[in-house]
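J.: To be precise about what I am sending: the file is called run-v4.pdb and holds PDB, C-alpha atoms.
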```
ATOM      1  CA  MET A1332       0.000   0.000   0.000
ATOM      2  CA  SER A1333       1.406   3.427  -0.980
ATOM      3  CA  PHE A1334       2.160   6.247   1.457
ATOM      4  CA  LEU A1335      -0.887   8.211   0.260
ATOM      5  CA  MET A1336      -3.231   5.235   0.600
ATOM      6  CA  ARG A1337      -1.969   4.383   4.108
ATOM      7  CA  CYS A1338      -2.494   7.950   5.262
ATOM      8  CA  ALA A1339      -5.942   8.123   3.689
ATOM      9  CA  VAL A1340      -7.003   4.928   5.448
ATOM     10  CA  VAL A1341      -5.740   6.175   8.826
ATOM     11  CA  LEU A1342      -7.408   9.545   8.417
ATOM     12  CA  GLY A1343     -10.677   8.092   7.270
ATOM     13  CA  LEU A1344     -10.814  11.195   5.042
ATOM     14  CA  GLY A1345     -12.694  13.309   7.540
ATOM     15  CA  LEU A1346     -14.261  10.757   9.882
ATOM     16  CA  GLY A1347     -14.078  11.313  13.617
ATOM     17  CA  SER A1348     -15.494  13.523  16.345
ATOM     18  CA  LEU A1349     -14.505  16.955  17.612
ATOM     19  CA  GLN A1350     -14.974  15.991  21.256
ATOM     20  CA  GLY A1351     -16.816  19.202  22.123
ATOM     21  CA  ALA A1352     -14.784  21.700  20.060
ATOM     22  CA  ASN A1353     -16.353  23.463  17.073
ATOM     23  CA  LEU A1354     -13.273  23.083  14.916
ATOM     24  CA  LYS A1355     -10.423  20.568  14.779
ATOM     25  CA  VAL A1356      -7.085  21.671  13.346
ATOM     26  CA  GLY A1357      -3.964  19.637  12.587
ATOM     27  CA  VAL A1358      -0.788  21.750  12.759
ATOM     28  CA  PHE A1359       2.658  20.956  11.349
ATOM     29  CA  HIS A1360       4.715  23.646  13.127
ATOM     30  CA  PRO A1361       4.927  24.000  16.940
ATOM     31  CA  LEU A1362       4.768  27.794  16.913
ATOM     32  CA  LEU A1363       1.616  27.637  14.797
ATOM     33  CA  VAL A1364       0.234  25.292  17.448
ATOM     34  CA  ASP A1365       0.708  28.112  19.958
ATOM     35  CA  LEU A1366      -0.999  30.620  17.639
ATOM     36  CA  ALA A1367      -3.939  28.298  16.932
ATOM     37  CA  LYS A1368      -4.476  27.722  20.648
ATOM     38  CA  GLN A1369      -4.301  31.421  21.473
ATOM     39  CA  LEU A1370      -6.791  32.333  18.745
ATOM     40  CA  GLY A1371      -9.073  29.319  19.046
ATOM     41  CA  GLY A1372      -9.406  28.969  22.805
ATOM     42  CA  ASP A1373     -11.988  26.386  23.801
ATOM     43  CA  SER A1374     -13.637  26.500  20.371
ATOM     44  CA  VAL A1375     -10.746  24.802  18.557
ATOM     45  CA  GLU A1376      -9.135  21.425  19.149
ATOM     46  CA  VAL A1377      -5.497  21.824  18.114
ATOM     47  CA  VAL A1378      -3.404  18.755  17.256
ATOM     48  CA  ASN A1379       0.393  19.114  17.137
ATOM     49  CA  LEU A1380       1.421  16.850  14.256
ATOM     50  CA  ALA A1381       5.148  17.561  14.682
ATOM     51  CA  GLN A1382       5.225  16.709  18.375
ATOM     52  CA  GLY A1383       8.501  15.082  19.406
ATOM     53  CA  THR A1384      10.323  16.225  16.257
ATOM     54  CA  SER A1385      13.755  17.732  16.939
ATOM     55  CA  ASP A1386      14.511  18.852  13.353
ATOM     56  CA  LEU A1387      11.607  20.313  11.405
ATOM     57  CA  HIS A1388      13.739  20.549   8.255
ATOM     58  CA  ARG A1389      13.917  16.749   8.143
ATOM     59  CA  PHE A1390      10.435  16.002   9.442
ATOM     60  CA  GLN A1391       8.309  13.778   7.203
ATOM     61  CA  PRO A1392       4.826  13.004   8.601
ATOM     62  CA  GLY A1393       3.420   9.534   8.076
ATOM     63  CA  PRO A1394       0.217   7.652   8.885
ATOM     64  CA  LYS A1395       0.992   7.690  12.624
ATOM     65  CA  GLU A1396       1.233  11.488  12.759
ATOM     66  CA  LEU A1397      -1.734  12.114  10.481
ATOM     67  CA  GLY A1398      -3.834   9.640  12.403
ATOM     68  CA  ARG A1399      -3.772  11.978  15.402
ATOM     69  CA  ALA A1400      -5.626  14.599  13.337
ATOM     70  CA  ARG A1401      -8.414  12.291  12.181
ATOM     71  CA  GLY A1402     -11.545  14.370  11.637
ATOM     72  CA  ALA A1403      -9.715  17.692  11.212
ATOM     73  CA  GLN A1404     -11.395  20.254   8.986
ATOM     74  CA  LEU A1405      -8.189  22.288   8.608
ATOM     75  CA  TYR A1406      -4.442  21.720   8.486
ATOM     76  CA  MET A1407      -1.909  24.505   9.054
ATOM     77  CA  VAL A1408       1.641  24.693   7.664
ATOM     78  CA  ALA A1409       4.252  27.462   7.754
ATOM     79  CA  GLY A1410       4.495  27.594   3.955
ATOM     80  CA  LYS A1411       7.016  29.414   1.767
ATOM     81  CA  GLY A1412       8.438  26.012   0.773
ATOM     82  CA  PHE A1413       9.417  24.999   4.300
ATOM     83  CA  GLU A1414       7.423  21.746   4.236
ATOM     84  CA  SER A1415       8.820  19.500   1.499
ATOM     85  CA  TYR A1416       5.885  17.135   2.042
ATOM     86  CA  LEU A1417       3.185  19.755   1.415
ATOM     87  CA  GLY A1418       2.097  18.278  -1.911
ATOM     88  CA  LYS A1419       1.536  14.864  -0.328
ATOM     89  CA  ILE A1420      -0.552  16.335   2.460
ATOM     90  CA  GLN A1421      -2.667  18.292  -0.010
ATOM     91  CA  SER A1422      -3.235  15.122  -2.032
ATOM     92  CA  ILE A1423      -4.409  13.249   1.061
ATOM     93  CA  VAL A1424      -6.687  15.772   2.764
ATOM     94  CA  GLY A1425      -7.493  18.138  -0.121
ATOM     95  CA  LYS A1426      -5.784  21.384  -1.020
ATOM     96  CA  ASP A1427      -8.705  23.456   0.241
ATOM     97  CA  ARG A1428      -8.201  22.082   3.759
ATOM     98  CA  VAL A1429      -4.546  23.160   4.021
ATOM     99  CA  LEU A1430      -3.695  26.704   5.101
ATOM    100  CA  GLU A1431      -0.204  27.953   4.204
ATOM    101  CA  VAL A1432      -0.003  30.636   6.853
ATOM    102  CA  GLY A1433       3.139  32.247   5.432
ATOM    103  CA  ARG A1434       1.845  32.476   1.872
ATOM    104  CA  LYS A1435       0.549  36.060   2.163
ATOM    105  CA  ILE A1436       3.276  37.266   4.520
ATOM    106  CA  PRO A1437       5.982  39.400   2.829
ATOM    107  CA  SER A1438       8.995  37.267   1.897
ATOM    108  CA  LEU A1439      12.744  37.643   2.067
ATOM    109  CA  THR A1440      15.042  36.248  -0.590
ATOM    110  CA  TYR A1441      18.363  34.793   0.494
ATOM    111  CA  GLY A1442      21.289  37.107  -0.155
ATOM    112  CA  LYS A1443      19.613  39.093  -2.904
ATOM    113  CA  GLY A1444      18.724  42.740  -2.593
ATOM    114  CA  ASN A1445      18.283  42.753   1.186
ATOM    115  CA  ASN A1446      21.795  43.669   2.410
ATOM    116  CA  LEU A1447      21.402  41.205   5.247
ATOM    117  CA  HIS A1448      24.338  38.916   4.701
ATOM    118  CA  ALA A1449      27.880  39.521   5.871
ATOM    119  CA  CYS A1450      29.628  37.953   2.876
ATOM    120  CA  CYS A1451      32.941  36.168   2.879
ATOM    121  CA  GLY A1452      33.646  34.854  -0.595
ATOM    122  CA  GLY A1453      32.041  32.643  -3.198
ATOM    123  CA  HIS A1454      31.760  29.405  -1.249
ATOM    124  CA  SER A1455      28.974  27.101  -2.433
ATOM    125  CA  ALA A1456      27.336  27.203   0.979
ATOM    126  CA  HIS A1457      26.871  30.934   0.610
ATOM    127  CA  ILE A1458      23.309  31.729  -0.233
ATOM    128  CA  HIS A1459      22.126  33.692  -3.253
ATOM    129  CA  GLY A1460      18.549  33.537  -4.452
ATOM    130  CA  GLY A1461      15.786  31.354  -3.131
ATOM    131  CA  LEU A1462      12.961  32.108  -0.733
ATOM    132  CA  ASP A1463      13.692  32.299   2.984
ATOM    133  CA  PRO A1464      10.890  30.344   4.714
ATOM    134  CA  HIS A1465      11.739  31.344   8.307
ATOM    135  CA  TRP A1466       9.136  34.118   8.552
ATOM    136  CA  TRP A1467       8.317  33.162  12.171
ATOM    137  CA  HIS A1468      11.356  35.169  13.337
ATOM    138  CA  SER A1469       9.500  38.408  12.517
ATOM    139  CA  ILE A1470       7.153  39.795  15.150
ATOM    140  CA  ASP A1471       5.278  41.775  12.497
ATOM    141  CA  ALA A1472       4.798  38.535  10.541
ATOM    142  CA  TRP A1473       3.015  37.072  13.560
ATOM    143  CA  ARG A1474       0.653  40.042  13.658
ATOM    144  CA  ARG A1475      -0.238  39.290  10.050
ATOM    145  CA  ALA A1476      -0.470  35.562  10.739
ATOM    146  CA  ALA A1477      -3.018  36.175  13.490
ATOM    147  CA  THR A1478      -5.321  37.920  11.031
ATOM    148  CA  ILE A1479      -4.852  35.185   8.410
ATOM    149  CA  VAL A1480      -5.606  32.362  10.850
ATOM    150  CA  ALA A1481      -8.528  34.136  12.540
ATOM    151  CA  ASP A1482     -10.119  34.748   9.133
ATOM    152  CA  GLU A1483      -9.714  31.061   8.240
ATOM    153  CA  PHE A1484     -11.168  29.902  11.558
ATOM    154  CA  SER A1485     -14.104  32.284  11.067
ATOM    155  CA  LYS A1486     -14.740  30.981   7.575
ATOM    156  CA  ARG A1487     -14.977  27.422   8.853
ATOM    157  CA  ASP A1488     -16.779  28.232  12.118
ATOM    158  CA  SER A1489     -18.762  31.424  11.562
ATOM    159  CA  ALA A1490     -20.655  31.000  14.838
ATOM    160  CA  ASN A1491     -17.480  31.889  16.750
ATOM    161  CA  LYS A1492     -16.202  34.610  14.410
ATOM    162  CA  LYS A1493     -16.344  37.308  17.096
ATOM    163  CA  ILE A1494     -14.302  35.148  19.456
ATOM    164  CA  TYR A1495     -11.590  34.541  16.870
ATOM    165  CA  GLU A1496     -11.460  38.215  15.913
ATOM    166  CA  ALA A1497     -11.247  39.327  19.552
ATOM    167  CA  ASN A1498      -8.521  36.800  20.316
ATOM    168  CA  ALA A1499      -6.563  37.915  17.243
ATOM    169  CA  LYS A1500      -6.843  41.559  18.305
ATOM    170  CA  ALA A1501      -5.572  40.713  21.781
ATOM    171  CA  PHE A1502      -2.727  38.671  20.294
ATOM    172  CA  ARG A1503      -1.670  41.543  18.016
ATOM    173  CA  GLY A1504      -1.601  43.785  21.083
ATOM    174  CA  ARG A1505       0.775  41.369  22.799
ATOM    175  CA  MET A1506       2.954  41.324  19.690
ATOM    176  CA  ASP A1507       3.099  45.145  19.740
ATOM    177  CA  ALA A1508       4.273  45.041  23.351
ATOM    178  CA  LEU A1509       6.783  42.300  22.540
ATOM    179  CA  ASN A1510       8.123  44.317  19.613
ATOM    180  CA  SER A1511       8.602  47.423  21.755
ATOM    181  CA  TRP A1512      10.489  45.398  24.349
ATOM    182  CA  ALA A1513      12.656  43.641  21.734
ATOM    183  CA  LYS A1514      13.571  46.909  19.999
ATOM    184  CA  GLY A1515      14.604  48.440  23.294
ATOM    185  CA  GLN A1516      16.765  45.445  24.116
ATOM    186  CA  MET A1517      18.422  45.156  20.698
ATOM    187  CA  LYS A1518      19.338  48.859  20.770
ATOM    188  CA  ARG A1519      21.567  48.103  23.744
ATOM    189  CA  VAL A1520      23.990  46.378  21.370
ATOM    190  CA  PRO A1521      26.570  48.803  19.874
ATOM    191  CA  LYS A1522      26.128  49.351  16.123
ATOM    192  CA  ASN A1523      29.504  47.808  15.313
ATOM    193  CA  ARG A1524      28.386  44.521  16.926
ATOM    194  CA  ARG A1525      25.080  44.108  15.093
ATOM    195  CA  THR A1526      25.984  41.060  13.017
ATOM    196  CA  LEU A1527      24.289  37.860  14.131
ATOM    197  CA  ALA A1528      26.508  34.801  13.559
ATOM    198  CA  THR A1529      24.412  31.618  13.798
ATOM    199  CA  ALA A1530      24.470  28.002  12.635
ATOM    200  CA  HIS A1531      22.236  28.251   9.562
ATOM    201  CA  ALA A1532      20.342  30.917   7.646
ATOM    202  CA  ALA A1533      17.272  31.029   9.866
ATOM    203  CA  PHE A1534      17.350  34.546  11.287
ATOM    204  CA  GLY A1535      17.026  36.804   8.238
ATOM    205  CA  TYR A1536      13.586  38.116   9.216
ATOM    206  CA  LEU A1537      14.792  38.935  12.730
ATOM    207  CA  CYS A1538      17.833  40.752  11.368
ATOM    208  CA  LYS A1539      15.758  42.686   8.832
ATOM    209  CA  ASP A1540      13.282  43.827  11.476
ATOM    210  CA  PHE A1541      16.062  45.214  13.691
ATOM    211  CA  GLY A1542      18.477  46.429  11.009
ATOM    212  CA  TRP A1543      21.164  43.802  11.625
ATOM    213  CA  LYS A1544      23.312  41.632   9.354
ATOM    214  CA  MET A1545      23.236  37.844   9.389
ATOM    215  CA  LEU A1546      26.170  35.456   9.123
ATOM    216  CA  PRO A1547      25.033  31.814   8.706
ATOM    217  CA  VAL A1548      28.194  29.879   9.550
ATOM    218  CA  GLN A1549      26.972  26.674   7.914
ATOM    219  CA  GLY A1550      24.850  28.238   5.190
ATOM    220  CA  MET A1551      21.457  26.649   4.608
ATOM    221  CA  ASN A1552      22.176  23.461   6.546
ATOM    222  CA  ARG A1553      23.155  23.507  10.191
ATOM    223  CA  GLU A1554      24.117  19.822   9.951
ATOM    224  CA  ALA A1555      26.728  20.448   7.250
ATOM    225  CA  SER A1556      30.400  19.799   8.015
ATOM    226  CA  PRO A1557      32.305  22.791   6.628
ATOM    227  CA  SER A1558      35.684  22.176   5.027
ATOM    228  CA  PRO A1559      38.865  23.632   6.528
ATOM    229  CA  LYS A1560      38.889  26.163   3.668
ATOM    230  CA  TRP A1561      35.344  27.246   4.478
ATOM    231  CA  LEU A1562      36.156  27.557   8.178
ATOM    232  CA  GLY A1563      39.103  29.746   7.240
ATOM    233  CA  GLU A1564      36.844  32.005   5.187
ATOM    234  CA  MET A1565      34.366  32.219   8.043
ATOM    235  CA  ALA A1566      37.152  33.076  10.474
ATOM    236  CA  ALA A1567      38.231  35.881   8.157
ATOM    237  CA  VAL A1568      34.778  37.438   7.942
ATOM    238  CA  ILE A1569      34.315  37.110  11.704
ATOM    239  CA  LYS A1570      37.451  39.180  12.192
ATOM    240  CA  LYS A1571      36.479  41.661   9.450
ATOM    241  CA  GLU A1572      32.999  42.214  10.863
ATOM    242  CA  GLN A1573      34.411  42.469  14.414
ATOM    243  CA  ILE A1574      32.068  39.750  15.603
ATOM    244  CA  VAL A1575      32.503  39.041  19.306
ATOM    245  CA  ALA A1576      30.158  36.057  19.704
ATOM    246  CA  VAL A1577      28.748  33.206  17.642
ATOM    247  CA  PHE A1578      25.497  31.448  18.485
ATOM    248  CA  PRO A1579      24.770  27.741  18.046
ATOM    249  CA  GLU A1580      21.196  26.478  17.974
ATOM    250  CA  LYS A1581      19.341  24.215  20.342
ATOM    251  CA  THR A1582      19.669  20.525  19.276
ATOM    252  CA  HIS A1583      22.747  21.552  17.239
ATOM    253  CA  ASN A1584      26.268  20.189  17.667
ATOM    254  CA  PRO A1585      28.421  23.214  18.670
ATOM    255  CA  LYS A1586      31.796  21.748  17.533
ATOM    256  CA  VAL A1587      32.014  24.071  14.504
ATOM    257  CA  PHE A1588      31.567  27.078  16.769
ATOM    258  CA  GLN A1589      34.136  25.826  19.211
ATOM    259  CA  SER A1590      36.637  25.550  16.324
ATOM    260  CA  LEU A1591      35.846  29.097  15.204
ATOM    261  CA  ALA A1592      36.145  30.379  18.757
ATOM    262  CA  LYS A1593      39.573  28.786  19.065
ATOM    263  CA  GLU A1594      40.635  30.281  15.710
ATOM    264  CA  THR A1595      39.266  33.796  16.221
ATOM    265  CA  GLY A1596      38.940  34.340  19.961
ATOM    266  CA  VAL A1597      35.189  34.976  19.818
ATOM    267  CA  LYS A1598      32.983  33.571  22.536
ATOM    268  CA  VAL A1599      30.279  30.964  21.953
ATOM    269  CA  GLY A1600      26.945  32.302  23.101
ATOM    270  CA  LYS A1601      24.051  30.318  24.490
ATOM    271  CA  PRO A1602      21.997  28.370  21.901
ATOM    272  CA  LEU A1603      19.208  30.157  20.021
ATOM    273  CA  ILE A1604      15.818  28.716  19.114
ATOM    274  CA  ALA A1605      15.715  28.546  15.314
ATOM    275  CA  ASP A1606      12.985  26.322  13.877
ATOM    276  CA  GLY A1607      11.005  25.020  16.839
ATOM    277  CA  GLY A1608       9.959  26.208  20.256
ATOM    278  CA  SER A1609       6.570  25.888  21.888
ATOM    279  CA  SER A1610       5.818  29.566  22.569
ATOM    280  CA  ILE A1611       5.957  32.503  20.160
ATOM    281  CA  GLU A1612       6.582  35.059  22.871
ATOM    282  CA  GLY A1613       8.907  32.678  24.701
ATOM    283  CA  MET A1614      11.040  32.168  21.584
ATOM    284  CA  PHE A1615      11.537  35.907  21.048
ATOM    285  CA  GLN A1616      12.181  36.559  24.728
ATOM    286  CA  HIS A1617      14.790  33.798  24.820
ATOM    287  CA  ASN A1618      16.561  34.712  21.575
ATOM    288  CA  VAL A1619      16.660  38.455  22.176
ATOM    289  CA  SER A1620      17.880  37.996  25.751
ATOM    290  CA  VAL A1621      20.618  35.568  24.668
ATOM    291  CA  ILE A1622      21.794  37.865  21.855
ATOM    292  CA  VAL A1623      21.828  41.012  23.972
ATOM    293  CA  SER A1624      23.480  39.293  26.912
ATOM    294  CA  ALA A1625      26.393  38.209  24.736
ATOM    295  CA  LEU A1626      26.807  41.347  22.599
ATOM    296  CA  ALA A1627      25.787  44.340  24.723
ATOM    297  CA  GLN A1628      28.658  44.045  27.195
TER     298      GLN A1628
END
```
Could you take the file, read its structure, and then write that structure out as structure tokens?

T.:
Amino acid sequence: MSFLMRCAVVLGLGLGSLQGANLKVGVFHPLLVDLAKQLGGDSVEVVNLAQGTSDLHRFQPGPKELGRARGAQLYMVAGKGFESYLGKIQSIVGKDRVLEVGRKIPSLTYGKGNNLHACCGGHSAHIHGGLDPHWWHSIDAWRRAATIVADEFSKRDSANKKIYEANAKAFRGRMDALNSWAKGQMKRVPKNRRTLATAHAAFGYLCKDFGWKMLPVQGMNREASPSPKWLGEMAAVIKKEQIVAVFPEKTHNPKVFQSLAKETGVKVGKPLIADGGSSIEGMFQHNVSVIVSALAQ
């Protein structure tokens, strides 16, 4: 039996109960789980289909994961090409039941026309062209996402439209407060230190929002093993940009950063949350605090 057939059998193509909720939603990104819960409240049953996944870039849902969302009227993905399995999911549940939350959110393109990257030569791991899917590192993007998701919930459960709209308004207010706090914190970092050196190219939207540069030490893939030549090039740009700290990511092996620290004298900061996390506000509070703590001194 093919992958699509197995998933269709497990899902029952829409069979199942809502267990008291008006709407059941299967979600493929943990931060979207948080958003769906904040907007839906008691009216929405939210199922985290990526629960237990440590690397969302490599995540491939199967019948077991999809079975947990049996009876869902809606499925939510980050979009912008982040989910390589999107076409399969659309084939199983129907394209009209899948919401690409990031689809209508303004996009960044890797290394092209955004002046975000601190460049260091023409290595193949350097990024030029291609859509950056990591929109969840922009607070403004979350304000937009709240409106997109609330509208979709309202379309599928019009009886609770006012609840979804009120929850979205309250959420946007919290994002405004979070943005004010984050801006105040990031301004504590001297201008000559505003280059964020991380494992992979996940923080472009954060850097754009705050007027920083981004240096992805391992390019697109945080699991890559850079060559000695590449590490030498990275060491050179670290010195040129006067970078004082490099930041690994949670669930990431920090050996590359330890090598760079030994070569350049920079310190290795605490790990950042890149692709996962369970709380939108918690992710920003953690990342901003870690960055400022290492660079503002």

J.: Taking all atoms listed in the file into account, which of A:Gly1535, A:Lys1426, A:Gly1383, A:Ala1627 comes nearest Pro1521 in chain A?

T.: A:Ala1627

J.: As JSON, please report the centre and edge lengths, rounded to one decimal in Å, of the axis-aligned box that holds all listed atoms of range 1395-1405 of chain A with 8 Å of padding on each of the six sides.

T.:
```
{"center_x": -5.2, "center_y": 15.0, "center_z": 12.0, "size_x": 28.8, "size_y": 30.6, "size_z": 22.8}
```

J.: Work out how far apart CA of Gly1371 in chain A and CA of Trp1512 in chain A are and give it in Å to one decimal.

T.: 25.9 Å

J.: Which of these, A:Lys1500, A:Lys1486, A:Arg1505, A:Lys1411, has the shortest distance to Asp1463 in chain A once you count only C-alpha atoms?

T.: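 Closest candidate: A:Lys1411.
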
J.: With the file shown as input, list the residues that the PyMOL selection byres ((chain A and resi 1487-1495) around 9) selects, as a list in words.

T.: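 For this structure, the PyMOL selection byres ((chain A and resi 1487-1495) around 9) resolves to Asn1353, Leu1354, Leu1370, Gly1371, Gly1372, Ser1374, Gln1404, Leu1405, Val1480, Ala1481, Asp1482, Glu1483, Phe1484, Ser1485, Lys1486, Glu1496, Ala1497, Asn1498, Ala1499 and Lys1500 of chain A.
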
J.: With distances taken over all atoms listed in the file, which of A:Leu1591, A:Val1621, A:Leu1537, A:Met1545 is nearest to Trp1561 in chain A?

T.: A:Leu1591

J.: Working from the structure I just supplied, which lacks atoms in range 1514-1531 of chain A, can you model N, CA and C atoms there and output them as a PDB file, in the coordinates of the input?

T.:
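In the end it all went to out_3.pdb:
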```pdb
ATOM      1  N   LYS A1514      12.836  45.788  20.582  1.00  0.00           N
ATOM      2  CA  LYS A1514      13.571  46.909  19.999  1.00  0.00           C
ATOM      3  C   LYS A1514      14.424  47.603  21.048  1.00  0.00           C
ATOM      4  N   GLY A1515      13.847  47.806  22.217  1.00  0.00           N
ATOM      5  CA  GLY A1515      14.604  48.440  23.294  1.00  0.00           C
ATOM      6  C   GLY A1515      15.817  47.626  23.702  1.00  0.00           C
ATOM      7  N   GLN A1516      15.657  46.316  23.751  1.00  0.00           N
ATOM      8  CA  GLN A1516      16.765  45.445  24.116  1.00  0.00           C
ATOM      9  C   GLN A1516      17.846  45.431  23.043  1.00  0.00           C
ATOM     10  N   MET A1517      17.447  45.271  21.796  1.00  0.00           N
ATOM     11  CA  MET A1517      18.422  45.156  20.698  1.00  0.00           C
ATOM     12  C   MET A1517      19.215  46.446  20.510  1.00  0.00           C
ATOM     13  N   LYS A1518      18.632  47.585  20.872  1.00  0.00           N
ATOM     14  CA  LYS A1518      19.338  48.859  20.770  1.00  0.00           C
ATOM     15  C   LYS A1518      20.480  48.969  21.772  1.00  0.00           C
ATOM     16  N   ARG A1519      20.484  48.097  22.767  1.00  0.00           N
ATOM     17  CA  ARG A1519      21.567  48.103  23.744  1.00  0.00           C
ATOM     18  C   ARG A1519      22.881  47.602  23.143  1.00  0.00           C
ATOM     19  N   VAL A1520      22.788  46.909  22.028  1.00  0.00           N
ATOM     20  CA  VAL A1520      23.990  46.378  21.370  1.00  0.00           C
ATOM     21  C   VAL A1520      24.613  47.477  20.518  1.00  0.00           C
ATOM     22  N   PRO A1521      25.910  47.783  20.699  1.00  0.00           N
ATOM     23  CA  PRO A1521      26.570  48.803  19.874  1.00  0.00           C
ATOM     24  C   PRO A1521      26.432  48.491  18.381  1.00  0.00           C
ATOM     25  N   LYS A1522      26.354  49.537  17.556  1.00  0.00           N
ATOM     26  CA  LYS A1522      26.128  49.351  16.123  1.00  0.00           C
ATOM     27  C   LYS A1522      27.198  48.490  15.458  1.00  0.00           C
ATOM     28  N   ASN A1523      28.426  48.582  15.937  1.00  0.00           N
ATOM     29  CA  ASN A1523      29.504  47.808  15.313  1.00  0.00           C
ATOM     30  C   ASN A1523      29.473  46.331  15.705  1.00  0.00           C
ATOM     31  N   ARG A1524      28.515  45.930  16.534  1.00  0.00           N
ATOM     32  CA  ARG A1524      28.386  44.521  16.926  1.00  0.00           C
ATOM     33  C   ARG A1524      27.096  43.884  16.396  1.00  0.00           C
ATOM     34  N   ARG A1525      26.397  44.588  15.530  1.00  0.00           N
ATOM     35  CA  ARG A1525      25.080  44.108  15.093  1.00  0.00           C
ATOM     36  C   ARG A1525      25.157  43.189  13.869  1.00  0.00           C
ATOM     37  N   THR A1526      25.950  42.158  13.980  1.00  0.00           N
ATOM     38  CA  THR A1526      25.984  41.060  13.017  1.00  0.00           C
ATOM     39  C   THR A1526      25.729  39.781  13.794  1.00  0.00           C
ATOM     40  N   LEU A1527      24.699  39.056  13.403  1.00  0.00           N
ATOM     41  CA  LEU A1527      24.289  37.860  14.131  1.00  0.00           C
ATOM     42  C   LEU A1527      24.865  36.622  13.445  1.00  0.00           C
ATOM     43  N   ALA A1528      25.848  35.999  14.101  1.00  0.00           N
ATOM     44  CA  ALA A1528      26.508  34.801  13.559  1.00  0.00           C
ATOM     45  C   ALA A1528      25.856  33.568  14.171  1.00  0.00           C
ATOM     46  N   THR A1529      25.169  32.784  13.333  1.00  0.00           N
ATOM     47  CA  THR A1529      24.412  31.618  13.798  1.00  0.00           C
ATOM     48  C   THR A1529      24.765  30.393  12.968  1.00  0.00           C
ATOM     49  N   ALA A1530      24.147  29.264  13.307  1.00  0.00           N
ATOM     50  CA  ALA A1530      24.470  28.002  12.635  1.00  0.00           C
ATOM     51  C   ALA A1530      24.003  27.983  11.193  1.00  0.00           C
ATOM     52  N   HIS A1531      22.714  28.258  10.949  1.00  0.00           N
ATOM     53  CA  HIS A1531      22.236  28.251   9.562  1.00  0.00           C
ATOM     54  C   HIS A1531      21.374  29.482   9.314  1.00  0.00           C
TER      55      HIS A1531
END
```
